[in-house]
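Worksheet for the structure shown next.
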Amino acid sequence: MKSPEKSVFETILITAVVLAIALMPLAAKAESHGKHSPPPFAEFDQDGDGFVSEDEFNTKRTACMAAMAEAGKPMKGAATAPAFSDLDTDGDGQLNEAELVAGQKAHMKAMRDQYAGQDGAKGMGKGMNRPTFADLDTNGDGCISAGEFAEHQASHHRNRHGQNH
């Protein structure tokens, strides 16, 4: 015969295990909605040669933006995301890991600085000039191509740095 304490302990233990198992999908979903971090270098370097070409860069960025759009996530930071040429600091036409990571960190810092403390909400400040998906999808086909994104970036870069830059 079991003691009452042992029965209560077993009941609590079984309940805790069942709850933990039941809540695992919710925890995974919450984790996937956590802070956004940029893709690692290896995801950009599709051919594994240790460098990221402009084509590899644009392909990965387009795929990331398409996934965000499909998931209904905001395109926060799309307007200010650095162009390939901004990241290619040595001008050799390809990115090494240090260039990509430095550019990603600088962009993330700029985003934090830009959206910090606005209206007391994360990144939801009034008057923010963030593009919508439709702003970038200039041909209206439901996709943002690398060319559409590059044109938006170039336009934003010109507006930010003046026409002669």
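Each chain of the structure tokens is named A, B, ... in the order shown, its residues numbered from 1; ligands are numbered from 1 in display order.
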
What lies within 10 Å of segment 90-106 of chain A using only C-alpha atoms, ignoring chain neighbours under 2 positions off, as an MDAnalysis selection string? chainID A and resid 37:42 44:45 49:57 81:88 108:112

Taking C-alpha atoms for each residue, export the selection above as a PDB file, in the first residue's frame.
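Below is the file part03.pdb, written as the result:
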```pdb
ATOM      1  CA  SER A  37      19.292  37.672 -35.877  1.00  0.00           C
ATOM      2  CA  PRO A  38      20.837  37.829 -39.316  1.00  0.00           C
ATOM      3  CA  PRO A  39      21.679  34.628 -41.168  1.00  0.00           C
ATOM      4  CA  PRO A  40      25.195  33.310 -40.578  1.00  0.00           C
ATOM      5  CA  PHE A  41      27.928  33.671 -43.186  1.00  0.00           C
ATOM      6  CA  ALA A  42      27.663  30.005 -44.229  1.00  0.00           C
ATOM      7  CA  PHE A  44      25.187  33.313 -47.707  1.00  0.00           C
ATOM      8  CA  ASP A  45      28.252  31.420 -48.980  1.00  0.00           C
ATOM      9  CA  ASP A  49      34.363  29.013 -51.293  1.00  0.00           C
ATOM     10  CA  GLY A  50      34.802  31.237 -48.220  1.00  0.00           C
ATOM     11  CA  PHE A  51      33.450  34.356 -49.943  1.00  0.00           C
ATOM     12  CA  VAL A  52      30.015  35.737 -50.757  1.00  0.00           C
ATOM     13  CA  SER A  53      29.463  37.035 -54.270  1.00  0.00           C
ATOM     14  CA  GLU A  54      26.932  39.765 -54.968  1.00  0.00           C
ATOM     15  CA  ASP A  55      24.672  37.131 -56.556  1.00  0.00           C
ATOM     16  CA  GLU A  56      24.887  34.866 -53.484  1.00  0.00           C
ATOM     17  CA  PHE A  57      24.197  37.860 -51.245  1.00  0.00           C
ATOM     18  CA  ALA A  81      19.545  47.331 -44.934  1.00  0.00           C
ATOM     19  CA  PRO A  82      22.997  47.868 -46.383  1.00  0.00           C
ATOM     20  CA  ALA A  83      23.566  47.188 -50.060  1.00  0.00           C
ATOM     21  CA  PHE A  84      26.244  44.702 -51.129  1.00  0.00           C
ATOM     22  CA  SER A  85      28.541  47.575 -52.111  1.00  0.00           C
ATOM     23  CA  ASP A  86      28.214  49.075 -48.622  1.00  0.00           C
ATOM     24  CA  LEU A  87      29.426  45.818 -47.070  1.00  0.00           C
ATOM     25  CA  ASP A  88      32.253  45.214 -49.555  1.00  0.00           C
ATOM     26  CA  MET A 108      21.484  45.743 -36.164  1.00  0.00           C
ATOM     27  CA  LYS A 109      22.961  48.532 -34.014  1.00  0.00           C
ATOM     28  CA  ALA A 110      21.465  51.178 -36.289  1.00  0.00           C
ATOM     29  CA  MET A 111      18.096  49.432 -36.035  1.00  0.00           C
ATOM     30  CA  ARG A 112      18.276  49.303 -32.247  1.00  0.00           C
TER      31      ARG A 112
END
```

So which bits of segment 4-116 of chain A end up strand (DSSP E or B) when you DSSP the backbone, as a ChimeraX atom specification? /A:52-53,94-95

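Take the candidates A:Gly72, A:His107, A:Asn58, A:Ala63 and check each one against Ala150 of chain A using only C-alpha atoms; the shortest distance goes to A:Asn58.
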
In segment 78-124 of chain A, DSSP helix (DSSP H, G or I) residues written as number ranges by chain: A: 84-87, 97-115, 118-120

Write out the residues from the selection above, keeping C-alpha atoms, as a JSON list (two decimals), in the first residue's frame.
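The resulting file, out27.json, is reproduced below:
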```
[["chain", "number", "residue", "atom", "x", "y", "z"],
["A", 84, "PHE", "CA", 26.24, 44.70, -51.13],
["A", 85, "SER", "CA", 28.54, 47.57, -52.11],
["A", 86, "ASP", "CA", 28.21, 49.08, -48.62],
["A", 87, "LEU", "CA", 29.43, 45.82, -47.07],
["A", 97, "GLU", "CA", 33.08, 36.72, -43.26],
["A", 98, "ALA", "CA", 34.48, 39.74, -41.38],
["A", 99, "GLU", "CA", 32.91, 42.19, -43.86],
["A", 100, "LEU", "CA", 29.50, 40.51, -43.73],
["A", 101, "VAL", "CA", 29.43, 40.18, -39.95],
["A", 102, "ALA", "CA", 30.62, 43.78, -39.44],
["A", 103, "GLY", "CA", 27.91, 45.03, -41.79],
["A", 104, "GLN", "CA", 25.24, 42.93, -40.08],
["A", 105, "LYS", "CA", 26.30, 44.16, -36.64],
["A", 106, "ALA", "CA", 26.34, 47.78, -37.80],
["A", 107, "HIS", "CA", 22.87, 47.41, -39.29],
["A", 108, "MET", "CA", 21.48, 45.74, -36.16],
["A", 109, "LYS", "CA", 22.96, 48.53, -34.01],
["A", 110, "ALA", "CA", 21.46, 51.18, -36.29],
["A", 111, "MET", "CA", 18.10, 49.43, -36.03],
["A", 112, "ARG", "CA", 18.28, 49.30, -32.25],
["A", 113, "ASP", "CA", 19.27, 52.97, -32.11],
["A", 114, "GLN", "CA", 16.55, 54.01, -34.57],
["A", 115, "TYR", "CA", 13.70, 52.18, -32.88],
["A", 118, "GLN", "CA", 9.77, 55.20, -29.64],
["A", 119, "ASP", "CA", 6.23, 55.38, -28.27],
["A", 120, "GLY", "CA", 7.26, 52.89, -25.59]]
```

What is the atom CA of Thr62 of chain A-atom CA of Ala79 of chain A distance in Å, reported with one decimal? 13.6 Å

Coordinates-based distance that separates atom CA of Asp47 of chain A from atom CA of Thr59 of chain A (Å, one decimal):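 Calculated distance between atom CA of Thr59 of chain A and atom CA of Asp47 of chain A is 12.3 Å.
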
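For the atom pair formed by atom CA of Lys6 of chain A and atom CA of Ala22 of chain A, the distance is 24.1 Å, given to one decimal.
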
Spatial neighbours of segment 130-144 of chain A, 10 Å, only C-alpha atoms, chain gap at least 2 places, as a list in words: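 The residues that qualify are Thr62, Ala63, Met65, Ala66, Ala69, Glu70, Pro74, Met75, Lys76, Gly77, Ala78, Ala79, Thr80, Gly127, Met128, Ala146, Gly147, Glu148, Phe149, Ala150, Glu151, His152 and Gln153 of chain A.
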